[in-house]
Amino acid sequence: GGGGAGGGGIDVAGLMAGAAAASAGGGAEGAATESPSFVSLCLRPDGVLYEDEIIQVGLKAEYQGFQGRLVLFFGNKAPTPLSQLRAQVVAEAGVAVQASTVPTQLQPRQQLQQMVQVECTQPFATPPSLRLSFSGGMANRGMHLRLPVAPTKFCHPLAGVSADAFFRKWNGVGGAPNEAQRIVTLKERPQNMVFFNELASKGMRLAVLQGVDPSPTNLVANGCVAVKGKAQPDCPPIMLRIEINVPAKQARVTVRSPLPAMSAFVLREVVETIAEPGA
């Protein structure tokens with residue numbers, strides 16, 4: 001997993017197209033797909049990961065340092081029991097997982113819980129996934145869903161950094177292939193600096209740095225990914241700049257980190273939240 005950069009840059013458009021092409025098809029044995037709520041759940045602690053006429057999969061998560069705890073909720077919306085229920089959480093490089101077992105039967109209107117512990121063991125860009133299969137009525141169903149365990153969930157905000165220190169580190173991480181960048185047209189809804197500050201600080205666990213960028217409509221944010229067994233100074237940085245052109249309703253979003261695919265993932269978290277779809 002992970003996927004590095006091809007050539008000199010990152011195919012951000014290709015990475016983002018993966019979300020558009022995602023569906024719950026492919027069954028439990030197919031490649032992991034992303035639900036429409038995947039990116040928003042990367043920025044929120046709870047919500048619905050997947051829902052159809054038979055089953056609802058909800059999620060609640062909390063993170064501390066390199067560790068996270070997720071509770072998955074499986075609800076049977078059908079009038080008949082679901083049997084042969086299997087819920088397997090699949091680890092990926094950089095994220096260790098441990099999951100509780102779930103009963104094989106799910107009665108109508110009943111909800112079951114699965115506890116999942118996750119640990120960040122190295123910088124990563126491919127989150128773990130859930131293989132879910134069950135038998136309902138005459139049909140066997142299966143799905144393989146990407147879990148919204150984003151690198152930013154393990155972030156530690158690094159506040160109080162001077163402009164000199166920030167740009168020294170920014171230049172140290174370097175441009176391509178460690179930089180992911182996109183110019184986007186902003187959504188029409190009102191977006192002010194409070195909105196962007198909350199996206200960076202609450203959604204992505206980064207420290208918004210005041211006075212680092214001379215423009216009042218630009219945002220600079222800084223953090224590092226907590227990694228098991230690493231002291232904070234050795235943890236990989238995630239650095240974000242959002243440069244907003246207010247009259248043009250556009251923004252240039254730039255992310256730098258030591259892992260090209262991680263930079264692209266974090267860029268996507270921002271872009272899909274602030275940009276006009278397809279813009």
# chains A, B, ... in the order shown; residues from 1 in each chain; ligands from 1
$ residues_around --residues "Arg69 of chain A" --least-positions-apart "6" --cutoff "6 Å" --atoms "only C-alpha atoms" --output "list in words"
Ala61, Glu62, Val116 and Gln117 of chain A
$ select_by_dssp --residues "segment 10-218 of chain A" --states "helix (DSSP H, G or I)" --output "MDAnalysis selection string"
chainID A and resid 12:21 38:43 151:154 163:173 193:203
$ write_last_selection --atoms "C-alpha atoms" --output "CSV table (one decimal), in the first residue's frame"
chain,number,residue,atom,x,y,z
A,12,VAL,CA,-3.2,14.3,-7.2
A,13,ALA,CA,-6.0,14.3,-9.7
A,14,GLY,CA,-5.6,10.5,-10.1
A,15,LEU,CA,-5.7,10.0,-6.3
A,16,MET,CA,-8.8,12.2,-6.0
A,17,ALA,CA,-10.5,10.4,-8.9
A,18,GLY,CA,-10.4,7.2,-6.8
A,19,ALA,CA,-13.0,8.7,-4.5
A,20,ALA,CA,-15.3,9.6,-7.3
A,21,ALA,CA,-15.0,6.0,-8.7
A,38,PHE,CA,-15.0,9.1,3.8
A,39,VAL,CA,-13.2,12.5,3.6
A,40,SER,CA,-15.7,14.3,5.9
A,41,LEU,CA,-15.2,11.4,8.5
A,42,CYS,CA,-11.4,12.0,8.2
A,43,LEU,CA,-12.1,15.4,9.7
A,151,PRO,CA,-2.6,10.6,9.0
A,152,THR,CA,-3.9,13.8,10.5
A,153,LYS,CA,-5.9,11.9,13.1
A,154,PHE,CA,-2.5,11.2,14.8
A,163,ALA,CA,8.3,32.5,10.6
A,164,ASP,CA,12.0,31.7,10.3
A,165,ALA,CA,11.7,28.3,12.0
A,166,PHE,CA,8.6,27.4,9.9
A,167,PHE,CA,10.2,28.3,6.6
A,168,ARG,CA,13.5,26.6,7.5
A,169,LYS,CA,11.6,23.4,8.1
A,170,TRP,CA,9.3,24.0,5.0
A,171,ASN,CA,12.4,24.3,2.8
A,172,GLY,CA,14.1,21.4,4.6
A,173,VAL,CA,11.1,19.1,3.7
A,193,MET,CA,-10.7,32.7,8.1
A,194,VAL,CA,-12.5,31.2,11.0
A,195,PHE,CA,-13.7,28.4,8.7
A,196,PHE,CA,-10.2,27.7,7.5
A,197,ASN,CA,-8.7,28.0,10.9
A,198,GLU,CA,-11.2,25.4,12.3
A,199,LEU,CA,-10.6,23.1,9.3
A,200,ALA,CA,-6.9,23.1,10.1
A,201,SER,CA,-7.1,23.0,13.9
A,202,LYS,CA,-10.2,21.0,14.7
A,203,GLY,CA,-10.4,18.9,11.6
$ select_by_dssp --residues "segment 29-112 of chain A" --states "strand (DSSP E)" --output "ChimeraX atom specification"
/A:46-51,55-64,67-76,82-90,95-99,111-112
$ closest_residue --among "A:Ala221, A:Cys235, A:Val246, A:Ala99" --to "Gly68 of chain A" --atoms "only C-alpha atoms"
A:Ala99
$ residues_around --residues "Pro108 of chain A" --least-positions-apart "3" --cutoff "6 Å" --atoms "only C-alpha atoms" --output "NGL selection string"
:A and (76 or 78-81)
$ closest_residue --among "A:Val212, A:Ala251, A:Ala91, A:Leu240" --to "Ser162 of chain A" --atoms "only C-alpha atoms"
A:Val212
$ atom_distance --atom1 "atom CA of Phe66 of chain A" --atom2 "atom CA of Val227 of chain A"
5.3 Å
$ closest_residue --among "A:Val225, A:Met143, A:Val102, A:Leu158" --to "Ser35 of chain A" --atoms "only C-alpha atoms"
A:Met143
$ residues_around --residues "Gln67 of chain A" --least-positions-apart "3" --cutoff "6 Å" --atoms "only C-alpha atoms" --output "list in words"
Tyr63, Gln64, Val118 and Glu119 of chain A
$ write_last_selection --atoms "C-alpha atoms" --output "compact mmCIF listing (two decimals), in the first residue's frame"
# COMPACT_ATOMS: atom_id res chain seq x y z
CA TYR A 63 -7.32 9.64 19.19
CA GLN A 64 -4.49 10.35 21.61
CA VAL A 118 -5.28 1.53 15.87
CA GLU A 119 -1.64 2.56 16.25
$ residues_around --residues "Glu51 of chain A" --least-positions-apart "3" --cutoff "12 Å" --atoms "only C-alpha atoms" --output "VMD selection string"
chain A and resid 23 to 24 35 to 37 47 to 48 54 to 59 73 to 78 143 145
$ write_last_selection --atoms "N, CA and C atoms" --output "compact mmCIF listing (two decimals), in the first residue's frame"
# COMPACT_ATOMS: atom_id res chain seq x y z
N SER A 23 -17.39 2.81 -5.04
CA SER A 23 -18.75 2.37 -4.77
C SER A 23 -18.64 1.21 -3.81
N ALA A 24 -19.76 0.77 -3.27
CA ALA A 24 -19.70 -0.34 -2.33
C ALA A 24 -19.72 -1.68 -3.05
N SER A 35 -16.50 5.26 0.94
CA SER A 35 -17.89 5.70 0.94
C SER A 35 -17.91 7.21 0.68
N PRO A 36 -19.06 7.76 0.27
CA PRO A 36 -19.13 9.21 0.00
C PRO A 36 -18.75 10.06 1.23
N SER A 37 -18.90 9.51 2.43
CA SER A 37 -18.61 10.28 3.65
C SER A 37 -17.16 10.15 4.10
N GLY A 47 -19.90 9.64 12.68
CA GLY A 47 -20.83 9.78 11.57
C GLY A 47 -21.15 8.43 10.97
N VAL A 48 -21.87 8.46 9.83
CA VAL A 48 -22.26 7.23 9.14
C VAL A 48 -21.25 6.94 8.04
N ILE A 54 -30.46 -2.21 3.85
CA ILE A 54 -30.35 -3.35 4.77
C ILE A 54 -29.53 -3.01 6.01
N ILE A 55 -28.40 -2.34 5.81
CA ILE A 55 -27.47 -2.17 6.92
C ILE A 55 -26.96 -0.74 7.01
N GLN A 56 -26.70 -0.30 8.24
CA GLN A 56 -26.04 0.98 8.46
C GLN A 56 -24.76 0.71 9.26
N VAL A 57 -23.66 1.30 8.80
CA VAL A 57 -22.38 1.20 9.51
C VAL A 57 -22.02 2.59 10.00
N GLY A 58 -22.06 2.76 11.33
CA GLY A 58 -21.70 4.04 11.94
C GLY A 58 -20.32 3.95 12.57
N LEU A 59 -19.78 5.10 12.94
CA LEU A 59 -18.42 5.11 13.47
C LEU A 59 -18.27 6.25 14.47
N PHE A 73 -20.44 0.68 14.54
CA PHE A 73 -21.81 0.28 14.87
C PHE A 73 -22.44 -0.35 13.63
N PHE A 74 -22.96 -1.55 13.77
CA PHE A 74 -23.65 -2.23 12.66
C PHE A 74 -25.13 -2.33 13.02
N GLY A 75 -25.97 -1.68 12.22
CA GLY A 75 -27.41 -1.68 12.49
C GLY A 75 -28.17 -2.39 11.37
N ASN A 76 -29.06 -3.30 11.75
CA ASN A 76 -29.88 -4.04 10.78
C ASN A 76 -31.17 -3.26 10.53
N LYS A 77 -31.33 -2.74 9.31
CA LYS A 77 -32.53 -1.98 8.94
C LYS A 77 -33.61 -2.87 8.33
N ALA A 78 -33.26 -4.14 8.07
CA ALA A 78 -34.19 -5.05 7.39
C ALA A 78 -35.18 -5.65 8.39
N MET A 143 -18.90 -6.20 1.37
CA MET A 143 -18.34 -4.89 1.01
C MET A 143 -16.99 -4.74 1.70
N LEU A 145 -14.71 -1.60 2.85
CA LEU A 145 -14.76 -0.14 3.01
C LEU A 145 -13.49 0.39 3.64
$ residues_around --residues "Leu85 of chain A" --least-positions-apart "2" --cutoff "6 Å" --atoms "only C-alpha atoms" --output "VMD selection string"
chain A and resid 83 104 133 to 134
$ closest_residue --among "A:Val266, A:Cys120, A:Ala28, A:Met115" --to "Gly142 of chain A" --atoms "only C-alpha atoms"
A:Ala28
$ closest_residue --among "A:Asn245, A:Thr254, A:Gln84, A:Thr217" --to "Asn140 of chain A" --atoms "only C-alpha atoms"
A:Gln84
$ closest_residue --among "A:Pro236, A:Ala264, A:Val184, A:Val161" --to "Asp213 of chain A" --atoms "only C-alpha atoms"
A:Val161
$ atom_distance --atom1 "atom CA of Phe265 of chain A" --atom2 "atom CA of Gln114 of chain A"
26.3 Å
$ atom_distance --atom1 "atom CA of Val149 of chain A" --atom2 "atom CA of Leu219 of chain A"
24.4 Å
